[in-house]
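Heads up, work30.txt below (compact mmCIF, C-alpha atoms and all ligand atoms):
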```txt
# COMPACT_ATOMS: atom_id res chain seq x y z
CA MET R 1 -73.31 10.83 -45.98
CA THR R 2 -74.74 11.94 -42.62
CA ARG R 3 -73.73 10.52 -39.25
CA ALA R 4 -75.28 11.27 -35.89
CA SER R 5 -72.69 12.84 -33.65
CA ALA R 6 -72.44 15.54 -31.05
CA ALA R 7 -69.19 16.84 -32.59
CA PRO R 8 -69.43 19.40 -35.40
CA ARG R 9 -68.60 17.91 -38.79
CA ALA R 10 -66.38 19.08 -41.60
CA VAL R 11 -65.53 17.77 -45.03
CA VAL R 12 -62.24 18.65 -46.70
CA ALA R 13 -61.50 18.06 -50.40
CA GLY R 14 -57.84 17.72 -51.36
CA GLY R 15 -55.16 15.60 -49.74
CA GLY R 16 -52.30 18.04 -50.39
CA ILE R 17 -50.63 20.06 -47.68
CA LEU R 18 -53.41 22.69 -47.53
CA GLY R 19 -56.20 20.12 -47.24
CA THR R 20 -54.20 18.07 -44.75
CA TRP R 21 -53.39 21.00 -42.45
CA HIS R 22 -57.07 22.04 -42.59
CA ALA R 23 -57.92 18.52 -41.41
CA VAL R 24 -55.35 18.84 -38.60
CA GLU R 25 -56.72 22.18 -37.42
CA LEU R 26 -60.36 21.06 -37.69
CA VAL R 27 -59.71 17.90 -35.67
CA ALA R 28 -57.85 20.03 -33.10
CA ALA R 29 -60.94 22.29 -32.93
CA GLY R 30 -63.14 19.28 -32.09
CA PHE R 31 -64.58 18.51 -35.56
CA ARG R 32 -65.20 15.09 -37.07
CA VAL R 33 -63.47 15.33 -40.43
CA ASP R 34 -64.04 13.43 -43.67
CA HIS R 35 -60.99 14.09 -45.86
CA LEU R 36 -61.60 13.39 -49.58
CA GLU R 37 -58.76 12.91 -52.08
CA ALA R 38 -59.29 12.21 -55.80
CA ASP R 39 -56.15 10.07 -56.20
CA VAL R 40 -55.08 6.83 -54.53
CA ASP R 41 -52.33 8.86 -52.91
CA PRO R 42 -51.88 12.64 -53.24
CA ALA R 43 -49.37 13.40 -55.99
CA GLY R 44 -49.71 17.17 -56.44
CA ALA R 45 -47.38 20.07 -55.65
CA SER R 46 -47.18 19.06 -51.98
CA VAL R 47 -45.14 15.92 -52.67
CA ARG R 48 -43.10 17.48 -55.50
CA ASN R 49 -41.59 20.39 -53.62
CA PHE R 50 -38.32 20.96 -51.73
CA GLY R 51 -39.98 20.79 -48.34
CA LEU R 52 -38.56 24.21 -47.59
CA VAL R 53 -40.18 26.11 -44.75
CA TRP R 54 -38.83 29.27 -46.34
CA VAL R 55 -39.37 32.22 -44.03
CA SER R 56 -36.49 34.23 -45.51
CA GLY R 57 -38.22 35.08 -48.77
CA ARG R 58 -41.56 36.23 -47.40
CA ARG R 59 -42.95 39.72 -48.02
CA SER R 60 -42.96 42.05 -45.01
CA GLY R 61 -46.30 42.37 -43.26
CA ALA R 62 -49.07 39.78 -43.31
CA GLU R 63 -47.13 37.23 -45.37
CA LEU R 64 -44.14 37.23 -43.03
CA GLU R 65 -46.41 37.04 -39.98
CA VAL R 66 -48.19 34.01 -41.49
CA ALA R 67 -44.88 32.34 -42.37
CA LEU R 68 -43.40 32.83 -38.89
CA ARG R 69 -46.59 31.52 -37.27
CA ALA R 70 -46.61 28.55 -39.64
CA ARG R 71 -42.96 27.81 -38.99
CA ARG R 72 -43.66 27.62 -35.22
CA ARG R 73 -46.55 25.24 -35.93
CA TRP R 74 -44.32 23.06 -38.14
CA GLU R 75 -41.78 22.88 -35.34
CA GLU R 76 -44.44 21.86 -32.79
CA ALA R 77 -45.81 19.26 -35.19
CA GLY R 78 -42.30 18.00 -35.94
CA ALA R 79 -41.72 17.31 -32.23
CA LEU R 80 -44.98 15.35 -32.08
CA VAL R 81 -44.65 13.60 -35.48
CA PRO R 82 -40.96 12.81 -36.13
CA ASP R 83 -41.77 11.33 -39.55
CA LEU R 84 -42.42 14.86 -40.84
CA GLY R 85 -38.64 15.20 -40.83
CA PHE R 86 -38.75 18.78 -39.51
CA ARG R 87 -35.20 20.15 -39.32
CA PRO R 88 -34.41 23.75 -38.26
CA THR R 89 -31.41 23.85 -40.57
CA GLY R 90 -31.40 27.49 -41.53
CA SER R 91 -30.31 28.49 -45.03
CA LEU R 92 -27.40 30.07 -46.84
CA THR R 93 -28.04 32.24 -49.91
CA VAL R 94 -24.59 32.21 -51.41
CA ALA R 95 -22.83 35.08 -53.22
CA ARG R 96 -20.62 33.82 -56.04
CA THR R 97 -19.41 37.24 -57.21
CA GLU R 98 -18.41 40.53 -55.62
CA ARG R 99 -21.52 42.18 -57.09
CA GLU R 100 -23.73 39.62 -55.39
CA ARG R 101 -21.83 40.08 -52.13
CA ARG R 102 -22.39 43.84 -52.19
CA VAL R 103 -26.14 43.45 -52.79
CA MET R 104 -26.42 40.91 -49.96
CA GLU R 105 -24.30 42.87 -47.49
CA ASP R 106 -26.37 45.96 -48.18
CA PHE R 107 -29.63 44.04 -47.70
CA ALA R 108 -28.37 42.53 -44.44
CA ARG R 109 -28.10 46.06 -42.98
CA GLN R 110 -31.80 46.74 -43.58
CA PRO R 111 -34.47 46.12 -40.91
CA GLU R 112 -36.12 43.63 -43.33
CA ALA R 113 -33.17 41.29 -42.78
CA ALA R 114 -33.39 41.27 -38.99
CA ALA R 115 -37.15 40.69 -39.16
CA ARG R 116 -36.43 37.34 -40.84
CA GLY R 117 -33.39 36.33 -38.80
CA ILE R 118 -31.09 37.11 -41.75
CA GLY R 119 -27.49 38.23 -41.40
CA PHE R 120 -24.51 38.42 -43.77
CA VAL R 121 -21.66 35.95 -43.17
CA GLY R 122 -18.22 36.21 -44.77
CA THR R 123 -16.49 33.46 -46.74
CA ASP R 124 -14.93 31.72 -43.72
CA ASP R 125 -18.18 31.81 -41.78
CA VAL R 126 -20.02 30.26 -44.74
CA ARG R 127 -17.89 27.14 -44.21
CA THR R 128 -18.43 27.26 -40.46
CA CYS R 129 -22.21 27.36 -41.05
CA ASN R 130 -22.03 24.60 -43.64
CA PRO R 131 -18.70 22.73 -43.92
CA ALA R 132 -19.96 20.94 -47.04
CA ILE R 133 -19.58 24.17 -49.02
CA GLY R 134 -16.17 23.68 -50.57
CA GLY R 135 -16.40 25.95 -53.62
CA ALA R 136 -15.36 29.58 -53.90
CA THR R 137 -17.90 31.97 -52.37
CA HIS R 138 -18.00 35.66 -51.54
CA GLY R 139 -20.06 35.19 -48.41
CA ALA R 140 -23.77 34.52 -47.96
CA LEU R 141 -27.00 35.56 -46.31
CA PHE R 142 -27.66 33.19 -43.41
CA CYS R 143 -31.28 32.85 -42.26
CA ASN R 144 -31.80 31.00 -39.01
CA GLU R 145 -35.61 30.83 -39.39
CA ASP R 146 -35.59 28.65 -42.52
CA ALA R 147 -36.29 24.97 -42.02
CA VAL R 148 -37.07 21.78 -43.94
CA VAL R 149 -39.66 19.01 -43.83
CA GLU R 150 -39.87 15.83 -45.92
CA PRO R 151 -42.46 16.44 -48.65
CA ARG R 152 -42.86 12.82 -49.64
CA ARG R 153 -43.57 11.76 -46.06
CA ALA R 154 -45.32 14.76 -44.52
CA LEU R 155 -48.87 14.13 -45.78
CA GLY R 156 -48.88 10.46 -44.76
CA ALA R 157 -47.26 11.30 -41.42
CA LEU R 158 -49.91 13.92 -40.57
CA ARG R 159 -52.73 11.57 -41.64
CA ALA R 160 -51.29 8.73 -39.56
CA HIS R 161 -51.04 11.06 -36.59
CA LEU R 162 -54.69 12.10 -37.00
CA SER R 163 -55.85 8.49 -37.37
CA GLU R 164 -53.97 7.48 -34.23
CA SER R 165 -54.75 10.49 -32.06
CA ALA R 166 -58.41 10.95 -33.06
CA PRO R 167 -59.55 7.63 -34.58
CA GLU R 168 -63.25 8.47 -34.14
CA ARG R 169 -62.98 11.91 -35.67
CA TYR R 170 -60.75 11.55 -38.74
CA ARG R 171 -61.38 9.52 -41.90
CA PHE R 172 -59.28 9.75 -45.06
CA HIS R 173 -61.10 8.74 -48.26
CA PRO R 174 -58.71 8.24 -51.22
CA ARG R 175 -60.14 7.76 -54.76
CA THR R 176 -62.94 10.17 -53.86
CA ARG R 177 -63.17 12.92 -56.44
CA VAL R 178 -65.39 15.88 -55.65
CA VAL R 179 -67.47 16.95 -58.64
CA GLY R 180 -70.03 19.29 -57.12
CA LEU R 181 -70.92 21.36 -54.11
CA GLY R 182 -73.91 22.75 -52.27
CA ALA R 183 -74.56 24.54 -48.99
CA ARG R 184 -72.10 23.08 -46.41
CA SER R 185 -71.65 19.99 -48.58
CA LEU R 186 -69.57 18.40 -51.33
CA VAL R 187 -70.67 15.78 -53.85
CA ASP R 188 -68.31 13.08 -55.15
CA ALA R 189 -68.26 11.26 -58.49
CA THR R 190 -70.51 8.47 -57.15
CA ALA R 191 -73.12 11.15 -56.32
CA THR R 192 -72.53 10.70 -52.60
CA ARG R 193 -73.18 13.96 -50.77
CA TRP R 194 -70.77 14.70 -47.91
CA GLU R 195 -72.43 17.09 -45.48
CA GLY R 196 -70.90 19.02 -42.63
CA ASP R 197 -71.10 22.21 -40.67
CA LEU R 198 -68.20 23.41 -42.80
CA ALA R 199 -66.60 22.31 -46.09
CA VAL R 200 -63.15 23.20 -47.39
CA VAL R 201 -62.09 22.77 -51.02
CA ALA R 202 -58.28 22.66 -51.26
CA THR R 203 -57.79 21.10 -54.66
CA GLY R 204 -54.58 22.96 -55.51
CA ALA R 205 -54.02 23.72 -59.18
CA ALA R 206 -57.40 22.12 -60.02
CA TYR R 207 -59.02 25.24 -58.57
CA ASP R 208 -61.41 25.82 -61.50
CA HIS R 209 -62.59 22.25 -62.08
CA LEU R 210 -65.75 22.39 -59.98
CA PRO R 211 -69.06 23.97 -60.96
CA GLY R 212 -69.21 27.53 -59.66
CA THR R 213 -65.44 27.98 -59.38
CA GLY R 214 -64.88 29.53 -62.82
CA GLY R 215 -64.97 33.06 -61.39
CA ILE R 216 -62.05 32.57 -59.04
CA GLY R 217 -59.95 31.34 -61.96
CA THR R 218 -59.41 34.92 -63.09
CA ARG R 219 -57.65 35.67 -59.81
CA LEU R 220 -55.24 32.75 -59.99
CA ARG R 221 -52.64 31.32 -62.30
CA ARG R 222 -50.80 28.03 -62.59
CA VAL R 223 -46.99 27.95 -62.52
CA ARG R 224 -44.92 24.98 -63.70
CA LEU R 225 -41.53 24.13 -62.19
CA GLN R 226 -38.76 21.65 -63.03
CA MET R 227 -36.89 19.73 -60.36
CA LEU R 228 -34.33 16.96 -59.99
CA GLU R 229 -32.75 14.84 -57.29
CA THR R 230 -29.30 13.25 -57.14
CA GLU R 231 -28.12 10.03 -55.58
CA PRO R 232 -26.73 10.51 -52.04
CA LEU R 233 -23.80 12.92 -51.63
CA ALA R 234 -21.16 11.60 -49.23
CA ARG R 235 -21.15 14.88 -47.26
CA THR R 236 -23.71 16.28 -44.85
CA LEU R 237 -25.17 19.67 -45.68
CA THR R 238 -26.02 21.42 -42.44
CA THR R 239 -28.13 24.11 -44.15
CA SER R 240 -30.24 24.38 -47.26
CA ILE R 241 -28.65 26.48 -50.00
CA ALA R 242 -29.85 29.10 -52.48
CA ASP R 243 -28.01 31.31 -54.93
CA ALA R 244 -28.29 35.02 -55.66
CA ASP R 245 -30.87 34.51 -58.41
CA SER R 246 -33.34 33.60 -55.65
CA LEU R 247 -33.26 37.25 -54.54
CA ARG R 248 -35.04 38.11 -57.79
CA TYR R 249 -38.01 35.81 -57.05
CA TYR R 250 -38.76 36.36 -53.37
CA PRO R 251 -40.64 39.49 -52.29
CA ALA R 252 -38.55 39.85 -49.11
CA TYR R 253 -35.82 41.26 -51.33
CA GLU R 254 -37.92 43.92 -53.08
CA SER R 255 -35.98 46.54 -51.11
CA ALA R 256 -32.58 45.09 -52.11
CA ARG R 257 -30.51 46.72 -54.88
CA LEU R 258 -31.49 43.99 -57.33
CA ALA R 259 -30.47 45.97 -60.41
CA ASP R 260 -26.87 45.71 -59.17
CA LEU R 261 -27.01 41.92 -59.60
CA GLY R 262 -26.79 42.48 -63.36
CA GLU R 263 -28.40 40.27 -65.98
CA GLN R 264 -29.26 36.63 -65.44
CA THR R 265 -27.59 34.12 -67.77
CA PRO R 266 -29.65 33.51 -70.94
CA VAL R 267 -30.74 30.04 -69.73
CA ALA R 268 -31.69 31.41 -66.31
CA ALA R 269 -33.63 34.28 -67.85
CA ALA R 270 -35.44 32.00 -70.30
CA HIS R 271 -36.49 29.56 -67.57
CA HIS R 272 -36.85 32.03 -64.66
CA LEU R 273 -34.28 29.92 -62.87
CA GLN R 274 -32.89 30.08 -59.34
CA LEU R 275 -30.83 27.53 -57.45
CA LEU R 276 -32.40 25.98 -54.37
CA LEU R 277 -30.82 22.89 -52.86
CA VAL R 278 -31.94 20.68 -49.99
CA GLN R 279 -30.34 17.49 -48.74
CA ARG R 280 -32.72 14.62 -48.05
CA PRO R 281 -32.16 12.34 -45.03
CA ASP R 282 -30.55 9.65 -47.23
CA GLY R 283 -28.01 12.18 -48.58
CA GLY R 284 -29.73 12.82 -51.94
CA LEU R 285 -29.87 16.43 -53.11
CA THR R 286 -33.15 17.97 -54.27
CA ILE R 287 -32.21 20.69 -56.74
CA GLY R 288 -34.36 23.22 -58.59
CA ASP R 289 -36.02 25.23 -59.90
CA THR R 290 -37.48 26.90 -62.96
CA HIS R 291 -40.75 28.80 -63.47
CA GLN R 292 -43.06 28.67 -66.48
CA TYR R 293 -45.95 31.09 -66.22
CA GLY R 294 -47.92 30.74 -69.45
CA GLU R 295 -50.24 27.85 -70.29
CA PRO R 296 -50.23 25.55 -72.18
CA PHE R 297 -47.20 24.17 -70.37
CA ASP R 298 -44.46 22.11 -72.00
CA PHE R 299 -45.06 18.41 -71.60
CA ALA R 300 -41.30 17.73 -71.83
CA LEU R 301 -38.60 18.40 -69.25
CA SER R 302 -35.81 20.66 -70.58
CA ASP R 303 -32.13 19.72 -70.26
CA ALA R 304 -30.56 23.19 -70.40
CA PRO R 305 -31.87 24.49 -67.05
CA SER R 306 -31.08 21.17 -65.35
CA ALA R 307 -27.49 21.36 -66.59
CA GLU R 308 -27.17 24.94 -65.36
CA LEU R 309 -28.59 24.09 -61.94
CA LEU R 310 -26.22 21.13 -61.56
CA ALA R 311 -23.24 23.27 -62.60
CA ARG R 312 -24.17 25.95 -60.04
CA ALA R 313 -24.58 23.37 -57.27
CA GLU R 314 -21.19 21.82 -58.14
CA ALA R 315 -19.52 25.24 -58.12
CA ILE R 316 -20.87 26.05 -54.65
CA LEU R 317 -20.19 22.63 -53.13
CA GLY R 318 -16.83 22.34 -54.90
CA VAL R 319 -17.33 18.66 -55.75
CA ALA R 320 -18.68 16.62 -58.64
CA LEU R 321 -22.27 15.72 -57.84
CA PRO R 322 -23.54 12.13 -57.74
CA PRO R 323 -25.69 11.01 -60.69
CA VAL R 324 -29.21 12.38 -61.05
CA ARG R 325 -31.70 9.73 -59.91
CA GLU R 326 -34.99 11.52 -60.69
CA ARG R 327 -36.33 14.48 -62.62
CA TRP R 328 -39.88 15.76 -62.36
CA GLU R 329 -42.15 18.74 -62.87
CA GLY R 330 -44.71 20.28 -60.56
CA VAL R 331 -47.49 22.83 -60.90
CA TYR R 332 -48.75 25.13 -58.20
CA ALA R 333 -51.59 27.64 -58.05
CA GLN R 334 -50.71 31.24 -57.29
CA CYS R 335 -53.10 34.07 -56.44
CA LEU R 336 -52.50 37.17 -58.51
CA ASP R 337 -53.25 39.84 -55.92
CA GLY R 338 -50.06 39.25 -53.94
CA GLY R 339 -52.02 37.83 -50.98
CA VAL R 340 -50.89 34.78 -49.01
CA CYS R 341 -53.61 32.65 -50.65
CA LEU R 342 -57.12 32.85 -52.10
CA ARG R 343 -59.75 32.01 -49.50
CA GLU R 344 -63.36 32.44 -50.57
CA GLU R 345 -66.73 31.19 -49.33
CA ILE R 346 -68.15 30.24 -52.72
CA GLU R 347 -71.28 28.61 -51.31
CA GLN R 348 -72.77 28.83 -47.84
CA GLY R 349 -70.26 27.15 -45.51
CA VAL R 350 -67.97 26.05 -48.38
CA PHE R 351 -64.52 27.69 -48.46
CA VAL R 352 -62.17 27.35 -51.43
CA VAL R 353 -58.58 27.73 -50.21
CA THR R 354 -55.81 27.67 -52.79
CA GLY R 355 -53.22 29.81 -54.55
CA PRO R 356 -50.41 30.04 -51.98
CA GLY R 357 -47.90 29.86 -54.85
CA GLY R 358 -44.36 28.90 -53.95
CA ARG R 359 -45.04 29.37 -50.22
CA GLY R 360 -47.74 26.71 -49.71
CA MET R 361 -45.55 24.21 -47.90
CA THR R 362 -44.21 26.98 -45.68
CA CYS R 363 -47.49 28.67 -44.82
CA ALA R 364 -50.05 25.80 -44.85
CA PRO R 365 -50.39 25.45 -41.04
CA ALA R 366 -51.21 29.13 -40.56
CA ILE R 367 -53.39 29.33 -43.70
CA ALA R 368 -55.49 26.49 -42.29
CA ALA R 369 -55.74 28.11 -38.86
CA ASP R 370 -56.86 31.36 -40.52
CA THR R 371 -59.63 29.54 -42.44
CA LEU R 372 -61.12 28.40 -39.14
CA VAL R 373 -61.10 32.02 -37.98
CA ALA R 374 -62.68 33.19 -41.28
CA ALA R 375 -65.36 30.51 -40.89
CA GLY R 376 -66.09 31.67 -37.35
CA VAL R 377 -65.17 28.36 -35.71
CA ALA R 378 -62.00 29.63 -34.02
CA ALA R 379 -61.01 32.94 -32.49
C1 LIG X 401 -41.70 21.96 -57.72
C2 LIG X 401 -42.29 22.74 -56.58
C3 LIG X 401 -41.46 23.15 -55.52
C4 LIG X 401 -42.01 23.86 -54.46
N1 LIG X 401 -41.25 24.11 -53.37
C5 LIG X 401 -41.82 24.66 -52.27
C6 LIG X 401 -41.08 24.76 -51.06
O1 LIG X 401 -39.97 24.26 -50.95
N2 LIG X 401 -41.65 25.43 -50.02
C7 LIG X 401 -42.92 25.96 -50.09
O2 LIG X 401 -43.37 26.58 -49.14
N3 LIG X 401 -43.69 25.74 -51.19
C8 LIG X 401 -43.17 25.11 -52.26
N4 LIG X 401 -43.91 24.90 -53.37
C9 LIG X 401 -45.33 25.29 -53.35
C10 LIG X 401 -46.15 24.25 -52.60
O3 LIG X 401 -45.73 22.95 -52.95
C11 LIG X 401 -47.64 24.44 -52.95
O4 LIG X 401 -48.03 25.77 -52.70
C12 LIG X 401 -48.50 23.53 -52.09
O5 LIG X 401 -48.04 22.21 -52.12
C13 LIG X 401 -49.95 23.57 -52.55
O6 LIG X 401 -50.67 22.66 -51.76
P1 LIG X 401 -52.17 22.30 -52.11
O7 LIG X 401 -52.63 21.37 -51.04
O8 LIG X 401 -52.94 23.55 -52.36
O9 LIG X 401 -52.10 21.59 -53.54
P2 LIG X 401 -51.71 20.10 -53.97
O10 LIG X 401 -50.52 19.61 -53.26
O11 LIG X 401 -51.65 20.11 -55.47
O12 LIG X 401 -52.92 19.22 -53.49
C14 LIG X 401 -54.19 19.27 -54.09
C15 LIG X 401 -54.81 17.90 -53.92
O13 LIG X 401 -56.17 17.97 -54.30
C16 LIG X 401 -56.49 16.77 -54.99
N5 LIG X 401 -57.66 17.06 -55.82
C17 LIG X 401 -57.71 17.80 -56.96
N6 LIG X 401 -58.99 17.84 -57.44
C18 LIG X 401 -59.75 17.13 -56.56
C19 LIG X 401 -61.13 16.84 -56.49
N7 LIG X 401 -61.99 17.30 -57.40
N8 LIG X 401 -61.59 16.09 -55.45
C20 LIG X 401 -60.73 15.63 -54.49
N9 LIG X 401 -59.40 15.89 -54.52
C21 LIG X 401 -58.92 16.64 -55.54
C22 LIG X 401 -55.25 16.47 -55.80
O14 LIG X 401 -55.21 15.11 -56.19
C23 LIG X 401 -54.15 16.83 -54.80
O15 LIG X 401 -53.78 15.73 -54.02
C24 LIG X 401 -43.39 24.21 -54.47
C25 LIG X 401 -44.20 23.80 -55.53
C26 LIG X 401 -43.66 23.08 -56.58
C27 LIG X 401 -44.56 22.64 -57.69
```
Before anything else, please render the file you have as structure tokens.
Ligand SMILES: Cc1cc2nc3c(=O)[nH]c(=O)nc-3n(C[C@H](O)[C@H](O)[C@H](O)COP(=O)(O)OP(=O)(O)OC[C@H]3O[C@@H](n4cnc5c(N)ncnc54)[C@H](O)[C@@H]3O)c2cc1C
Amino acid sequence: MTRASAAPRAVVAGGGILGTWHAVELVAAGFRVDHLEADVDPAGASVRNFGLVWVSGRRSGAELEVALRARRRWEEAGALVPDLGFRPTGSLTVARTERERRVMEDFARQPEAAARGIGFVGTDDVRTCNPAIGGATHGALFCNEDAVVEPRRALGALRAHLSESAPERYRFHPRTRVVGLGARSLVDATATRWEGDLAVVATGAAYDHLPGTGGIGTRLRRVRLQMLETEPLARTLTTSIADADSLRYYPAYESARLADLGEQTPVAAAHHLQLLLVQRPDGGLTIGDTHQYGEPFDFALSDAPSAELLARAEAILGVALPPVRERWEGVYAQCLDGGVCLREEIEQGVFVVTGPGGRGMTCAPAIAADTLVAAGVAA
């Protein structure tokens, strides 16, 4: 599909947050962008997540730099596109035992904590930070860099912004499944070839579905998570919330005395569980999560981890939670080398970008900007 135009052209496959931020950055760099999405509406990891812009957990070095840069970009975009629901809420990672408090207090004294805007707050200050926390706590790590966006609205809001601000240079094409690629081009299931000066393939967990992508599959894995959401809670949470098990999963805490946390509960250990909790604008609580690393994945949702997550959330908030209104699963792609993502030019002018793992919503703006640099179209 070639069109005469003075502007450089790009084609992006994948309507998730990575593909969408690539479209945003390419349009900002002056490209005409055709944005291809296999589904009627994207329904992958990007709409199933918490919407956490989670700087606190990022590994020191390149990953933290990317996350901080991305967080600034989210904030700028949030000012321009209110429907993204960007909220600089900060987060509280709550200690529920003295052991957890000691580990957190010790971590808060390390330079890693300051680099992420993390400090330890005592029990009374936990309630000052978030008066909705009515349960017994032993203090918390407060991170003022963490933020939230609305995952079910963000993709549509960014697309609407592109369509309004650059109507001649942005086209979204739902129901357009890419099945092949060539130099600077992608081919869809109707055999239409989409040509550009640059092509980006951001198909998320479907990273090995295209011809020629089998090789990158050895450097990635899929991870399945379970989530739920309650009906609105009649209290406003002024921060997002995590529990001490989250320290085990985020690389920022590699230097913490994690062994002193003791064993996880059997259910938590079996499901690689941590509590993360975000309040949606209507008051509902998004609560998760679990991690399953080995395929084939269960097709069923498990009750035991959901019950444990709800019990933990009730203990921290000190109230009975409203009924659960939805449960769902999600799968993300994670690169295995510990990098921020996998970015590879698999064909001349065709970049596969995937594998950000549990940090894709956080880091997408900066990952996209870095692809333009890797492709030589931005400095
Ligand atoms: C339950 C859960 C909670 C999470 N929570 C957070 C969080 O709070 N914060 C955070 O930073 N990260 C979080 N993550 C991770 C984050 O959601 C992902 O890293 C991120 O959404 C990945 O975005 P993506 O665009 O690569 O993939 P996706 O969102 O999966 O998008 C890929 C898109 O490509 C389309 N596609 C696939 N094949 C083709 C094809 N052949 N042609 C055209 N289109 C195709 C798909 O339909 C899909 O729309 C979470 C993930 C999950 C699953």
Around ligand LIG 401 (chain X), out to 6 Å and counting all atoms listed in the file, which residues are there? I want them as a ChimeraX atom specification. /R:13-19,36-39,42-46,48-54,176-179,202-206,225,227,330-332,354,356-362
Expected file: the selected residues, C-alpha atoms, as a PDB file, keeping the file's coordinate frame:
```
ATOM      1  CA  ALA R  13     -61.500  18.060 -50.400  1.00  0.00           C
ATOM      2  CA  GLY R  14     -57.840  17.720 -51.360  1.00  0.00           C
ATOM      3  CA  GLY R  15     -55.160  15.600 -49.740  1.00  0.00           C
ATOM      4  CA  GLY R  16     -52.300  18.040 -50.390  1.00  0.00           C
ATOM      5  CA  ILE R  17     -50.630  20.060 -47.680  1.00  0.00           C
ATOM      6  CA  LEU R  18     -53.410  22.690 -47.530  1.00  0.00           C
ATOM      7  CA  GLY R  19     -56.200  20.120 -47.240  1.00  0.00           C
ATOM      8  CA  LEU R  36     -61.600  13.390 -49.580  1.00  0.00           C
ATOM      9  CA  GLU R  37     -58.760  12.910 -52.080  1.00  0.00           C
ATOM     10  CA  ALA R  38     -59.290  12.210 -55.800  1.00  0.00           C
ATOM     11  CA  ASP R  39     -56.150  10.070 -56.200  1.00  0.00           C
ATOM     12  CA  PRO R  42     -51.880  12.640 -53.240  1.00  0.00           C
ATOM     13  CA  ALA R  43     -49.370  13.400 -55.990  1.00  0.00           C
ATOM     14  CA  GLY R  44     -49.710  17.170 -56.440  1.00  0.00           C
ATOM     15  CA  ALA R  45     -47.380  20.070 -55.650  1.00  0.00           C
ATOM     16  CA  SER R  46     -47.180  19.060 -51.980  1.00  0.00           C
ATOM     17  CA  ARG R  48     -43.100  17.480 -55.500  1.00  0.00           C
ATOM     18  CA  ASN R  49     -41.590  20.390 -53.620  1.00  0.00           C
ATOM     19  CA  PHE R  50     -38.320  20.960 -51.730  1.00  0.00           C
ATOM     20  CA  GLY R  51     -39.980  20.790 -48.340  1.00  0.00           C
ATOM     21  CA  LEU R  52     -38.560  24.210 -47.590  1.00  0.00           C
ATOM     22  CA  VAL R  53     -40.180  26.110 -44.750  1.00  0.00           C
ATOM     23  CA  TRP R  54     -38.830  29.270 -46.340  1.00  0.00           C
ATOM     24  CA  THR R 176     -62.940  10.170 -53.860  1.00  0.00           C
ATOM     25  CA  ARG R 177     -63.170  12.920 -56.440  1.00  0.00           C
ATOM     26  CA  VAL R 178     -65.390  15.880 -55.650  1.00  0.00           C
ATOM     27  CA  VAL R 179     -67.470  16.950 -58.640  1.00  0.00           C
ATOM     28  CA  ALA R 202     -58.280  22.660 -51.260  1.00  0.00           C
ATOM     29  CA  THR R 203     -57.790  21.100 -54.660  1.00  0.00           C
ATOM     30  CA  GLY R 204     -54.580  22.960 -55.510  1.00  0.00           C
ATOM     31  CA  ALA R 205     -54.020  23.720 -59.180  1.00  0.00           C
ATOM     32  CA  ALA R 206     -57.400  22.120 -60.020  1.00  0.00           C
ATOM     33  CA  LEU R 225     -41.530  24.130 -62.190  1.00  0.00           C
ATOM     34  CA  MET R 227     -36.890  19.730 -60.360  1.00  0.00           C
ATOM     35  CA  GLY R 330     -44.710  20.280 -60.560  1.00  0.00           C
ATOM     36  CA  VAL R 331     -47.490  22.830 -60.900  1.00  0.00           C
ATOM     37  CA  TYR R 332     -48.750  25.130 -58.200  1.00  0.00           C
ATOM     38  CA  THR R 354     -55.810  27.670 -52.790  1.00  0.00           C
ATOM     39  CA  PRO R 356     -50.410  30.040 -51.980  1.00  0.00           C
ATOM     40  CA  GLY R 357     -47.900  29.860 -54.850  1.00  0.00           C
ATOM     41  CA  GLY R 358     -44.360  28.900 -53.950  1.00  0.00           C
ATOM     42  CA  ARG R 359     -45.040  29.370 -50.220  1.00  0.00           C
ATOM     43  CA  GLY R 360     -47.740  26.710 -49.710  1.00  0.00           C
ATOM     44  CA  MET R 361     -45.550  24.210 -47.900  1.00  0.00           C
ATOM     45  CA  THR R 362     -44.210  26.980 -45.680  1.00  0.00           C
TER      46      THR R 362
END
```
What is the distance, in Å and to one decimal place, between CA of Gln226 in chain R and CA of Ala259 in chain R?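 That distance, rounded to one decimal, is 25.8 Å.
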Among the residues R:Leu181, R:Ala375, R:Val103, R:Val278, the one that comes closest to Pro232 in chain R [using all atoms listed in the file]: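 Of all the options, R:Val278 lies closest to Pro232 in chain R.
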Extract, using only C-alpha atoms, all DNA, RNA and protein residues at most 12 Å from Thr218 in chain R, discarding same-chain residues fewer than 4 positions from it, and format them as a list of chain:residue names.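 That gives R:Tyr207, R:Asp208, R:Thr213, R:Gly214, R:Arg222, R:Ala333, R:Gln334, R:Cys335, R:Leu336, R:Asp337, R:Leu342, R:Gly355.
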Nearest to Val324 in chain R, chosen from R:Ala269, R:Thr20, R:Glu231, R:Leu210, with all atoms listed in the file counted in the distances: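 Result for the nearest residue to Val324 in chain R: R:Glu231.
Minimum atom-to-atom distance to His271 in chain R, evaluated using only C-alpha atoms, belongs to R:His291 out of R:Arg248, R:Arg184, R:His138, R:His291.
Here the question is which of R:Gly182, R:Phe31, R:Ala23, R:Ala256 gets nearest to Val377 in chain R using all atoms listed in the file, and that residue is R:Phe31.
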Rounded to one decimal place, report the CA of Leu275 in chain R-CA of Ala242 in chain R distance in Å.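 We find that CA of Leu275 in chain R and CA of Ala242 in chain R lie 5.3 Å from each other.
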So what do you get for CA of Val340 in chain R versus CA of His35 in chain R, distance-wise? 23.2 Å
